[in-house]
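Undergrad: Below is the structure I would like to discuss, written out as structure tokens.
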Amino acid sequence: MIRHLTAIWKFRHFLHALVRLDLRLRYRRSVLGIGWSLLNPIAMTVVFTVVFSNLLGDDATDYAPYLLAGMAIWGFLKESAVQGSRALIAGESYIRQCPLPYAIYPLRVVLGQAIHFFIALLVVLALVLVLKRTTAPLEVLWAVVPGILLALVAAWAVATIFAFTNVYFQDTQHLLEVGSQILFYLTPIIYKRNVLDRKHLSWVLDLNPVNLFLDLIRAPLLTGEPPPADLFLTAGVFTVALVGLAAGTTAWLQKKVIFHL
Amino acid sequence: MAKIDLDNASLTFTVYPHKKVSLKEYLVQGLFRRSANPPLAVHALSGVNLHVRPGDRVGVIGHNGAGKSTLLRLLAGIYPPTGGTREVEGRICSLFDISLGFEPEATGWDNIAYRSYLQGETPASLRGKIDAIAAFTELGDFLNVPVRHYSAGMLMRLAFSIATTIEPEVLLVDEVLAVGDLAFQQKAQARMKEMMAHARLMVLVAHDLPTIKSMCTRVLWMEHGSVVKDGPPGEVIDAYVRSVKGPEAAARAA
């Protein structure tokens, strides 16, 4: 695995150039450019805030940043998995031209998504500072960074696993679309955790790994309180397990996958 | 030290007549142990032994489908051997399939950068070379246009110019590479000769027997994925021509 990572590091200029290209191409002919990556969650936030703060009686200044933060984290994880699953198929022409470490292709997708993710988190931060008139979140930014890093690594691992799966079994990408739709509603993004607590369904959340990253990133940004230490441990163990699975998949399939492309 | 070592290397493709295996196929296979899409084993290379040391210029000849190009891809590391071992040391430059792996939406300039990074350049080292690469392509203002709009010939010019700027230790060439128009072909051939002269070792796949005879120190004759004969150019080429055309033609060719 170390060898795989040093090989990726060797091609960092290539990776960097392609991530920049992907960003540029995505907004090539749009007037708003990268603003579109924000407008989508912001529009949803506005709609949901209007609907839900009336429906659930939540405070809108409370709910809007909560929703936007949740959407940003969810969007990053979901798009990394769904688009990452196509990474090897999309990279076939490179794979046939030049032997590169396979994990570089999903990494290209994840890094592209990460840039949108960071921008969205900055907006969340700004929103909290303005709406809540507090600078408390700024004081816990150090506590958010490890959560973000863990989310990046986990997303890369998941994307790698699905990228390999998708070569053998192309239904993966469609299953992922459906699966993520279901998971979205099982995750406290548009509703708050206490909605499930009331129905004694909070065990659903304890089994949901996405919730780990919400608690690590969203919670401190909104409340200004660092996440508990055992949460880092749980998320760390979970991420390490994913990385192990991704490394195992890569080691197992990297000499076979080209014959199936 | 640059070297190539293939020991009893084999490559077996498993081909599914229908390109992808569907869920239905999975279930049918699992439930009934019977398949509507049976895997087909294709032995592209079997038991190839090849040891190349610095200074060697190896030519590979044989019929279409004899496994010549597969051998090159195996040497380049694109295909792993499914049996035996492959060991290649040294900076590899492969001149085949070179128009693969471009970003169609990016400009010629950008693609020069991407491909160069793949070949181990850094932004700093590329700065000194990119103008020379661009000049060699003779594409001029077309380099500002996305590669998607290029003709096949233009793409080959671009690919060839980038691929041949590095100084390789191991040079792998598929001669079926027809690069651009007549003027560019002459230029390309001159550069290729220069590269072949400088490379520590070379493997050249070609159908043009005189070229092989003049450039190679050793020839490999392949058939059905196996090496039929491996030896000095004159001897192997004569044997090959005799097997294809009969003894008289071989005598005339010699």
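In the structure tokens, each chain is lettered A, B, ... as it comes, each chain's residues begin at 1, and ligands are numbered from 1 in order of appearance.
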Just need the residues of chain A within 10 Å of chain B, counting only C-alpha atoms, so spit them out as a ChimeraX atom specification.

TA: /A:10-18,21-22,24-25,91-100,167-171,254-261

Undergrad: Which residues, written as a PyMOL selection string, have at least one atom at most 12 Å from range 131-140 of chain B, with only C-alpha atoms counted and residues fewer than 2 positions away on the same chain left out?

TA: chain B and resi 107-113+115-116+125-129+142-145+147+150-151+153-166+179-181+183-185+187-188+191

Undergrad: Might you pull out every residue within 10 Å of Asp56 in chain B, with only C-alpha atoms counted and same-chain residues fewer than 5 positions away left off, and present them as a list in words?

TA: Lys3, His51, Ala199, Arg200, Leu201, Met202, Val203, Cys216, Thr217 and Arg218 of chain B

Undergrad: Could you turn the residues from that selection into a file that holds N, CA and C atoms, as an mmCIF file, in the first residue's frame?

TA:
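Here's the written file part04.cif:
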```
data_model
loop_
_atom_site.group_PDB
_atom_site.id
_atom_site.type_symbol
_atom_site.label_atom_id
_atom_site.label_comp_id
_atom_site.auth_asym_id
_atom_site.auth_seq_id
_atom_site.Cartn_x
_atom_site.Cartn_y
_atom_site.Cartn_z
ATOM 1 N N LYS B 3 16.993 -3.448 -18.067
ATOM 2 C CA LYS B 3 16.931 -4.833 -18.520
ATOM 3 C C LYS B 3 15.485 -5.304 -18.632
ATOM 4 N N HIS B 51 15.129 -12.387 -22.516
ATOM 5 C CA HIS B 51 16.062 -11.676 -21.654
ATOM 6 C C HIS B 51 16.799 -10.676 -22.506
ATOM 7 N N ALA B 199 18.661 4.751 -26.984
ATOM 8 C CA ALA B 199 18.053 3.912 -25.957
ATOM 9 C C ALA B 199 19.010 2.806 -25.553
ATOM 10 N N ARG B 200 18.938 2.421 -24.281
ATOM 11 C CA ARG B 200 19.819 1.351 -23.806
ATOM 12 C C ARG B 200 19.402 0.034 -24.447
ATOM 13 N N LEU B 201 18.099 -0.185 -24.497
ATOM 14 C CA LEU B 201 17.649 -1.383 -25.182
ATOM 15 C C LEU B 201 16.297 -1.123 -25.821
ATOM 16 N N MET B 202 16.006 -1.885 -26.846
ATOM 17 C CA MET B 202 14.821 -1.591 -27.621
ATOM 18 C C MET B 202 14.134 -2.885 -28.033
ATOM 19 N N VAL B 203 12.802 -2.830 -28.066
ATOM 20 C CA VAL B 203 12.026 -3.914 -28.649
ATOM 21 C C VAL B 203 11.137 -3.295 -29.717
ATOM 22 N N CYS B 216 18.069 -4.126 -36.040
ATOM 23 C CA CYS B 216 18.057 -4.998 -34.873
ATOM 24 C C CYS B 216 19.293 -5.887 -34.811
ATOM 25 N N THR B 217 19.629 -6.275 -33.585
ATOM 26 C CA THR B 217 20.754 -7.179 -33.388
ATOM 27 C C THR B 217 20.253 -8.592 -33.125
ATOM 28 N N ARG B 218 18.940 -8.694 -33.004
ATOM 29 C CA ARG B 218 18.386 -9.984 -32.609
ATOM 30 C C ARG B 218 16.910 -9.971 -33.004
#
```

Undergrad: At a cut-off of 12 Å, using only C-alpha atoms, what residues contact range 124-132 of chain A? Leave out same-chain residues fewer than 4 positions from it and give the result as a ChimeraX atom specification.

TA: /A:38,41-42,45,59-73,117-120,136-141,144,217-224

Undergrad: Limited to N, CA and C atoms, could you put the picked residues into a file as a CSV table (one decimal), in the first residue's frame?

TA:
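Dumped everything to part-v6.csv:
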```csv
chain,number,residue,atom,x,y,z
A,38,LEU,N,-22.6,26.0,-5.5
A,38,LEU,CA,-23.2,26.6,-4.3
A,38,LEU,C,-24.7,26.8,-4.4
A,41,PRO,N,-27.2,23.7,-3.4
A,41,PRO,CA,-27.5,23.5,-2.0
A,41,PRO,C,-28.2,24.7,-1.4
A,42,ILE,N,-27.8,25.9,-1.9
A,42,ILE,CA,-28.4,27.1,-1.3
A,42,ILE,C,-29.9,27.2,-1.6
A,45,THR,N,-31.7,24.7,0.4
A,45,THR,CA,-31.8,25.2,1.8
A,45,THR,C,-32.9,26.2,2.0
A,59,ASP,N,-36.6,27.2,14.4
A,59,ASP,CA,-36.1,28.5,14.1
A,59,ASP,C,-35.3,28.6,12.8
A,60,ALA,N,-35.7,29.5,11.9
A,60,ALA,CA,-35.1,29.5,10.5
A,60,ALA,C,-33.6,29.8,10.6
A,61,THR,N,-33.2,30.7,11.5
A,61,THR,CA,-31.7,31.0,11.6
A,61,THR,C,-30.9,29.8,12.1
A,62,ASP,N,-31.7,28.9,12.8
A,62,ASP,CA,-31.0,27.7,13.3
A,62,ASP,C,-31.0,26.6,12.2
A,63,TYR,N,-32.1,26.5,11.5
A,63,TYR,CA,-32.3,25.4,10.6
A,63,TYR,C,-31.5,25.6,9.3
A,64,ALA,N,-31.4,26.8,8.8
A,64,ALA,CA,-30.7,27.0,7.5
A,64,ALA,C,-29.3,26.6,7.5
A,65,PRO,N,-28.5,27.0,8.4
A,65,PRO,CA,-27.1,26.5,8.4
A,65,PRO,C,-27.0,25.0,8.7
A,66,TYR,N,-27.9,24.5,9.5
A,66,TYR,CA,-27.9,23.1,9.8
A,66,TYR,C,-28.1,22.3,8.5
A,67,LEU,N,-29.1,22.7,7.8
A,67,LEU,CA,-29.4,22.0,6.5
A,67,LEU,C,-28.3,22.1,5.5
A,68,LEU,N,-27.8,23.3,5.4
A,68,LEU,CA,-26.7,23.6,4.4
A,68,LEU,C,-25.5,22.7,4.7
A,69,ALA,N,-25.1,22.7,6.0
A,69,ALA,CA,-24.0,21.9,6.4
A,69,ALA,C,-24.2,20.4,6.1
A,70,GLY,N,-25.4,20.0,6.4
A,70,GLY,CA,-25.7,18.6,6.2
A,70,GLY,C,-25.7,18.2,4.7
A,71,MET,N,-26.2,19.1,3.9
A,71,MET,CA,-26.2,18.9,2.4
A,71,MET,C,-24.8,18.9,1.9
A,72,ALA,N,-24.0,19.8,2.4
A,72,ALA,CA,-22.6,19.8,1.9
A,72,ALA,C,-21.8,18.5,2.2
A,73,ILE,N,-22.0,18.1,3.4
A,73,ILE,CA,-21.3,16.8,3.8
A,73,ILE,C,-21.8,15.6,3.0
A,117,PHE,N,-16.9,20.9,-1.8
A,117,PHE,CA,-17.2,20.7,-0.4
A,117,PHE,C,-16.7,21.8,0.5
A,118,PHE,N,-15.4,22.2,0.2
A,118,PHE,CA,-14.8,23.2,1.0
A,118,PHE,C,-15.5,24.5,0.9
A,119,ILE,N,-15.8,24.9,-0.4
A,119,ILE,CA,-16.5,26.1,-0.6
A,119,ILE,C,-17.8,26.2,0.1
A,120,ALA,N,-18.6,25.0,0.1
A,120,ALA,CA,-19.8,25.0,0.8
A,120,ALA,C,-19.7,25.1,2.3
A,136,ALA,N,-18.0,31.7,17.9
A,136,ALA,CA,-17.7,30.5,18.6
A,136,ALA,C,-17.1,29.4,17.6
A,137,PRO,N,-17.8,29.3,16.4
A,137,PRO,CA,-17.3,28.2,15.5
A,137,PRO,C,-15.9,28.4,15.1
A,138,LEU,N,-15.5,29.7,15.0
A,138,LEU,CA,-14.1,30.0,14.5
A,138,LEU,C,-13.1,29.4,15.5
A,139,GLU,N,-13.5,29.3,16.8
A,139,GLU,CA,-12.6,28.8,17.8
A,139,GLU,C,-12.4,27.3,17.8
A,140,VAL,N,-13.3,26.6,17.1
A,140,VAL,CA,-13.2,25.1,17.1
A,140,VAL,C,-12.9,24.6,15.7
A,141,LEU,N,-12.4,25.5,14.8
A,141,LEU,CA,-12.1,25.1,13.4
A,141,LEU,C,-11.0,24.0,13.5
A,144,VAL,N,-12.5,20.7,13.5
A,144,VAL,CA,-13.2,20.3,12.4
A,144,VAL,C,-12.3,19.6,11.3
A,217,ILE,N,-18.3,17.1,11.7
A,217,ILE,CA,-18.0,18.4,11.0
A,217,ILE,C,-19.2,19.4,11.2
A,218,ARG,N,-20.4,18.9,11.1
A,218,ARG,CA,-21.5,19.9,11.2
A,218,ARG,C,-21.7,20.4,12.6
A,219,ALA,N,-21.7,19.5,13.6
A,219,ALA,CA,-22.0,19.8,14.9
A,219,ALA,C,-21.1,21.0,15.5
A,220,PRO,N,-19.7,20.8,15.4
A,220,PRO,CA,-18.9,21.9,15.9
A,220,PRO,C,-19.1,23.2,15.1
A,221,LEU,N,-19.3,23.1,13.8
A,221,LEU,CA,-19.5,24.4,13.1
A,221,LEU,C,-20.7,25.1,13.5
A,222,LEU,N,-21.7,24.4,13.9
A,222,LEU,CA,-23.0,25.0,14.3
A,222,LEU,C,-23.0,25.5,15.8
A,223,THR,N,-22.4,24.6,16.6
A,223,THR,CA,-22.5,24.9,18.1
A,223,THR,C,-21.3,25.5,18.7
A,224,GLY,N,-20.2,25.4,18.0
A,224,GLY,CA,-18.9,26.0,18.5
A,224,GLY,C,-18.3,25.1,19.6
```

Undergrad: Could you tell me, as a ChimeraX atom specification, which residues of range 145-232 of chain B DSSP assigns to alpha helix (DSSP H) when given the backbone?

TA: /B:152-163,182-198,209-215

Undergrad: Please produce a file of the residues just selected, as a CSV table (one decimal), in the first residue's frame, where the atoms kept are N, CA and C atoms.

TA:
```csv
chain,number,residue,atom,x,y,z
B,152,ALA,N,-7.1,12.7,-36.9
B,152,ALA,CA,-6.3,11.6,-36.4
B,152,ALA,C,-4.8,11.8,-36.6
B,153,GLY,N,-4.5,12.4,-37.8
B,153,GLY,CA,-3.1,12.7,-38.0
B,153,GLY,C,-2.5,13.7,-37.1
B,154,MET,N,-3.3,14.7,-36.8
B,154,MET,CA,-2.8,15.8,-35.9
B,154,MET,C,-2.6,15.2,-34.5
B,155,LEU,N,-3.5,14.3,-34.1
B,155,LEU,CA,-3.4,13.7,-32.8
B,155,LEU,C,-2.1,12.9,-32.7
B,156,MET,N,-1.8,12.2,-33.8
B,156,MET,CA,-0.6,11.4,-33.8
B,156,MET,C,0.6,12.2,-33.7
B,157,ARG,N,0.6,13.4,-34.4
B,157,ARG,CA,1.7,14.3,-34.3
B,157,ARG,C,2.0,14.7,-32.9
B,158,LEU,N,0.9,15.1,-32.2
B,158,LEU,CA,1.0,15.6,-30.9
B,158,LEU,C,1.5,14.5,-30.0
B,159,ALA,N,0.9,13.3,-30.1
B,159,ALA,CA,1.3,12.2,-29.2
B,159,ALA,C,2.8,11.8,-29.5
B,160,PHE,N,3.1,11.7,-30.7
B,160,PHE,CA,4.5,11.3,-31.0
B,160,PHE,C,5.5,12.3,-30.5
B,161,SER,N,5.2,13.6,-30.7
B,161,SER,CA,6.1,14.6,-30.2
B,161,SER,C,6.4,14.6,-28.7
B,162,ILE,N,5.3,14.3,-28.0
B,162,ILE,CA,5.4,14.3,-26.5
B,162,ILE,C,6.2,13.0,-26.1
B,163,ALA,N,5.8,11.9,-26.7
B,163,ALA,CA,6.3,10.6,-26.3
B,163,ALA,C,7.8,10.5,-26.5
B,182,LEU,N,3.4,12.9,-45.1
B,182,LEU,CA,4.7,12.4,-45.6
B,182,LEU,C,5.8,13.2,-45.0
B,183,ALA,N,5.7,14.5,-44.9
B,183,ALA,CA,6.8,15.4,-44.4
B,183,ALA,C,7.0,15.0,-42.9
B,184,PHE,N,5.9,14.9,-42.2
B,184,PHE,CA,6.1,14.6,-40.8
B,184,PHE,C,6.7,13.2,-40.6
B,185,GLN,N,6.3,12.3,-41.4
B,185,GLN,CA,6.8,10.9,-41.3
B,185,GLN,C,8.3,10.8,-41.4
B,186,GLN,N,8.8,11.6,-42.3
B,186,GLN,CA,10.3,11.6,-42.5
B,186,GLN,C,10.9,12.2,-41.2
B,187,LYS,N,10.4,13.3,-40.7
B,187,LYS,CA,10.9,13.8,-39.5
B,187,LYS,C,10.8,12.8,-38.3
B,188,ALA,N,9.6,12.2,-38.3
B,188,ALA,CA,9.4,11.2,-37.2
B,188,ALA,C,10.4,10.1,-37.3
B,189,GLN,N,10.6,9.6,-38.5
B,189,GLN,CA,11.5,8.5,-38.6
B,189,GLN,C,12.9,8.9,-38.2
B,190,ALA,N,13.3,10.1,-38.6
B,190,ALA,CA,14.7,10.5,-38.2
B,190,ALA,C,14.8,10.6,-36.7
B,191,ARG,N,13.7,11.1,-36.0
B,191,ARG,CA,13.8,11.1,-34.6
B,191,ARG,C,13.8,9.7,-33.9
B,192,MET,N,13.0,8.9,-34.6
B,192,MET,CA,12.9,7.5,-34.0
B,192,MET,C,14.3,6.8,-34.1
B,193,LYS,N,14.9,7.0,-35.3
B,193,LYS,CA,16.3,6.4,-35.4
B,193,LYS,C,17.2,6.9,-34.4
B,194,GLU,N,17.1,8.2,-34.1
B,194,GLU,CA,17.9,8.9,-33.1
B,194,GLU,C,17.7,8.2,-31.7
B,195,MET,N,16.3,8.1,-31.4
B,195,MET,CA,16.0,7.5,-30.1
B,195,MET,C,16.5,6.0,-30.0
B,196,MET,N,16.3,5.3,-31.1
B,196,MET,CA,16.7,3.9,-31.1
B,196,MET,C,18.2,3.8,-30.9
B,197,ALA,N,19.0,4.8,-31.4
B,197,ALA,CA,20.4,4.8,-31.2
B,197,ALA,C,20.8,5.1,-29.8
B,198,HIS,N,20.0,5.9,-29.1
B,198,HIS,CA,20.3,6.3,-27.8
B,198,HIS,C,19.8,5.4,-26.7
B,209,LEU,N,10.4,-6.2,-43.0
B,209,LEU,CA,11.6,-7.0,-42.7
B,209,LEU,C,12.9,-6.3,-42.9
B,210,PRO,N,13.1,-5.5,-44.0
B,210,PRO,CA,14.4,-4.8,-44.2
B,210,PRO,C,14.7,-3.8,-43.0
B,211,THR,N,13.7,-3.2,-42.5
B,211,THR,CA,13.9,-2.3,-41.3
B,211,THR,C,14.5,-3.1,-40.2
B,212,ILE,N,13.8,-4.2,-39.9
B,212,ILE,CA,14.2,-5.0,-38.8
B,212,ILE,C,15.7,-5.5,-39.0
B,213,LYS,N,15.9,-5.9,-40.2
B,213,LYS,CA,17.3,-6.4,-40.5
B,213,LYS,C,18.3,-5.3,-40.3
B,214,SER,N,18.0,-4.1,-40.7
B,214,SER,CA,19.0,-3.0,-40.6
B,214,SER,C,19.1,-2.5,-39.1
B,215,MET,N,18.1,-2.6,-38.3
B,215,MET,CA,18.1,-1.9,-37.0
B,215,MET,C,18.4,-2.9,-35.9
```

Undergrad: I'd like the neighbourhood of Thr249 in chain A as a list in words, where a residue qualifies if any of its atoms comes within 10 Å (using only C-alpha atoms), though same-chain residues fewer than 4 positions away should be ignored.

TA: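 The neighbour list is Ala157, Thr160, Ile161, Phe162, Phe164, Thr165, Val243, Gly244, Leu245, Leu253 and Gln254 of chain A.
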
Undergrad: Just list the residues in range 5-254 of chain B DSSP gives strand (DSSP E or B) on the backbone, as a count of residues only.

TA: 65
